[in-house]
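S.K.: Below are the structure tokens for one structure; questions will follow.
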Amino acid sequence: MAARYWLAQLVRAVIAFAAGFAITLDQDHTAGYGIAMFAAFAIVGGLAVAGFFFVTDAGDRALWLVQGLLGVAAGVVALIVHSGGLGALLYGVSVWALLTGVAELYGGWRARRARGSDTGSASAARDRLAVGGLTVALAIVYLVIPAEHRLAVGLFGAYAIVIGVYLAIGALSLKWARPAETADETTESHA
């Protein structure tokens with residue numbers, strides 16, 4: 001799985017960067033803009049995650065599908081309640097972040113337990129645990145921050161950029177680690 005997982009992480013990183021940079025570079029930090037950006041991020045990211053058909057383990061595939069569908073559903077609901085203002089943004093992001101963060105944490109824990117010593121799989125599992133933890137942290141932050149739209153939208157943009165950086169680094173680390181691992185395995189088999 002790790003051989004193809006790097007590309008999936010890179011796709012997720014690009015989606016996160018797009019949302020984060022759009023928020024950062026735009027001066028419109030109203031609740032409506034935040035809801036629109038969250039909806040786009042959740043729907044596109046959810047579709048990307050739900051499309052991880054390369055995953056061979058049925059349990060992992062089901063987790064990715066559930067996580068993706070949660071994202072799409074949260075994005076669609078955000079579009080429906082677009083006029084709900086700041087409350088809709090805070091509530092929508094909190095619920096989405098909690099549900100998808102817990103799903104990602106569980107997937108990372110499950111992958112780490114099942115695959116143990118395989119370096120690529122262990123790295124992918126560690127990345128899922130970190131992203132899940134950061135996403136749950138976003139849910140908690142959204143529950144305790146003051147109800148202010150610039151802060152809420154800005155924090156979501158910051159979250160997206162941090163996740164994008166983390167996923168991009170993880171993706172490239174997995175990609176570049178694979179040839180070295182394969183070369184090591186080949187050298188050991190010839191010895």
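All residue names refer to the structure tokens as shown: chains lettered A, B, ... in order, residues numbered from 1 in each chain, ligands numbered from 1 in order.
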Quick one: pick out all helix (DSSP H, G or I) residues within region 38-80 of chain A from a backbone DSSP run and write them as a VMD selection string.

M.R.: chain A and resid 38 to 50 58 to 80

S.K.: Which residues, written as a PyMOL selection string, have at least one atom at most 12 Å from Ala130 (chain A), with only C-alpha atoms counted and residues fewer than 2 positions away on the same chain left out?

M.R.: chain A and resi 101-102+104-109+123-128+132-137+162-163+166-167+170

S.K.: Could you turn the residues from that selection into a file that holds N, CA, C and O atoms, as a compact mmCIF listing (two decimals), in the first residue's frame?

M.R.:
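New file again07.txt:
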# COMPACT_ATOMS: atom_id res chain seq x y z
N GLY A 101 -11.49 13.20 12.20
CA GLY A 101 -10.25 13.05 12.97
C GLY A 101 -10.21 11.73 13.72
O GLY A 101 -9.19 11.04 13.71
N VAL A 102 -11.32 11.36 14.34
CA VAL A 102 -11.38 10.09 15.06
C VAL A 102 -11.25 8.93 14.07
O VAL A 102 -10.54 7.95 14.34
N GLU A 104 -9.66 8.94 11.22
CA GLU A 104 -8.26 8.89 10.78
C GLU A 104 -7.36 8.35 11.89
O GLU A 104 -6.45 7.56 11.62
N LEU A 105 -7.61 8.75 13.13
CA LEU A 105 -6.83 8.21 14.25
C LEU A 105 -7.02 6.69 14.34
O LEU A 105 -6.04 5.95 14.51
N TYR A 106 -8.25 6.24 14.24
CA TYR A 106 -8.52 4.81 14.31
C TYR A 106 -7.85 4.08 13.15
O TYR A 106 -7.24 3.01 13.35
N GLY A 107 -7.92 4.64 11.96
CA GLY A 107 -7.27 4.02 10.80
C GLY A 107 -5.76 3.95 10.98
O GLY A 107 -5.14 2.94 10.64
N GLY A 108 -5.16 5.00 11.51
CA GLY A 108 -3.72 4.98 11.74
C GLY A 108 -3.32 3.99 12.81
O GLY A 108 -2.34 3.25 12.68
N TRP A 109 -4.11 3.94 13.89
CA TRP A 109 -3.84 2.98 14.96
C TRP A 109 -3.98 1.56 14.44
O TRP A 109 -3.14 0.70 14.71
N SER A 123 5.29 4.41 8.45
CA SER A 123 5.32 5.84 8.20
C SER A 123 3.93 6.35 7.80
O SER A 123 3.49 7.40 8.28
N ALA A 124 3.24 5.62 6.94
CA ALA A 124 1.88 6.00 6.53
C ALA A 124 0.94 5.99 7.73
O ALA A 124 0.10 6.88 7.88
N ALA A 125 1.07 4.99 8.59
CA ALA A 125 0.23 4.91 9.79
C ALA A 125 0.52 6.08 10.72
O ALA A 125 -0.40 6.70 11.27
N ARG A 126 1.79 6.42 10.87
CA ARG A 126 2.18 7.54 11.73
C ARG A 126 1.62 8.85 11.17
O ARG A 126 1.13 9.70 11.92
N ASP A 127 1.64 9.00 9.86
CA ASP A 127 1.08 10.20 9.25
C ASP A 127 -0.42 10.29 9.49
O ASP A 127 -0.95 11.36 9.78
N ARG A 128 -1.12 9.17 9.39
CA ARG A 128 -2.57 9.17 9.65
C ARG A 128 -2.85 9.54 11.10
O ARG A 128 -3.79 10.27 11.39
N GLY A 132 -4.90 12.83 12.03
CA GLY A 132 -6.10 12.62 12.84
C GLY A 132 -6.04 13.42 14.13
O GLY A 132 -7.02 14.05 14.53
N GLY A 133 -4.88 13.43 14.77
CA GLY A 133 -4.71 14.20 16.00
C GLY A 133 -4.87 15.69 15.76
O GLY A 133 -5.53 16.39 16.54
N LEU A 134 -4.29 16.20 14.69
CA LEU A 134 -4.43 17.63 14.36
C LEU A 134 -5.87 17.98 14.03
O LEU A 134 -6.35 19.06 14.37
N THR A 135 -6.57 17.06 13.39
CA THR A 135 -7.97 17.32 13.03
C THR A 135 -8.86 17.32 14.26
O THR A 135 -9.75 18.17 14.40
N VAL A 136 -8.63 16.39 15.18
CA VAL A 136 -9.38 16.40 16.45
C VAL A 136 -9.05 17.68 17.23
O VAL A 136 -9.94 18.29 17.84
N ALA A 137 -7.79 18.10 17.20
CA ALA A 137 -7.41 19.34 17.88
C ALA A 137 -8.16 20.53 17.28
O ALA A 137 -8.60 21.43 18.01
N VAL A 162 -1.15 23.78 7.53
CA VAL A 162 -0.34 22.86 8.36
C VAL A 162 -0.54 21.41 7.90
O VAL A 162 0.42 20.66 7.74
N ILE A 163 -1.79 21.02 7.67
CA ILE A 163 -2.07 19.67 7.19
C ILE A 163 -1.44 19.46 5.82
O ILE A 163 -0.87 18.40 5.53
N TYR A 166 2.30 18.93 6.26
CA TYR A 166 2.58 17.63 6.86
C TYR A 166 2.35 16.50 5.85
O TYR A 166 3.17 15.59 5.73
N LEU A 167 1.23 16.56 5.11
CA LEU A 167 0.94 15.52 4.13
C LEU A 167 1.94 15.53 2.97
O LEU A 167 2.34 14.47 2.49
N GLY A 170 5.15 14.01 4.25
CA GLY A 170 4.94 12.56 4.38
C GLY A 170 4.90 11.86 3.04
O GLY A 170 5.47 10.78 2.87

S.K.: Have a look at A:Trp64, A:Phe17, A:Tyr33, A:Phe41 and name the one nearest to Leu86 (chain A); count only C-alpha atoms.

M.R.: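 Looking at the shortest contact to Leu86 (chain A), the residue is A:Tyr33.
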
S.K.: Which residue is closest to Ile23 (chain A)? Choose from A:Leu89, A:Tyr159, A:Leu143, A:Thr100 and count only C-alpha atoms.

M.R.: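 For Ile23 (chain A), the nearest of the given residues is A:Tyr159.
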
S.K.: Between CA of Ala114 (chain A) and CA of Arg61 (chain A), measure the distance and give it in Å to one decimal.

M.R.: 14.2 Å
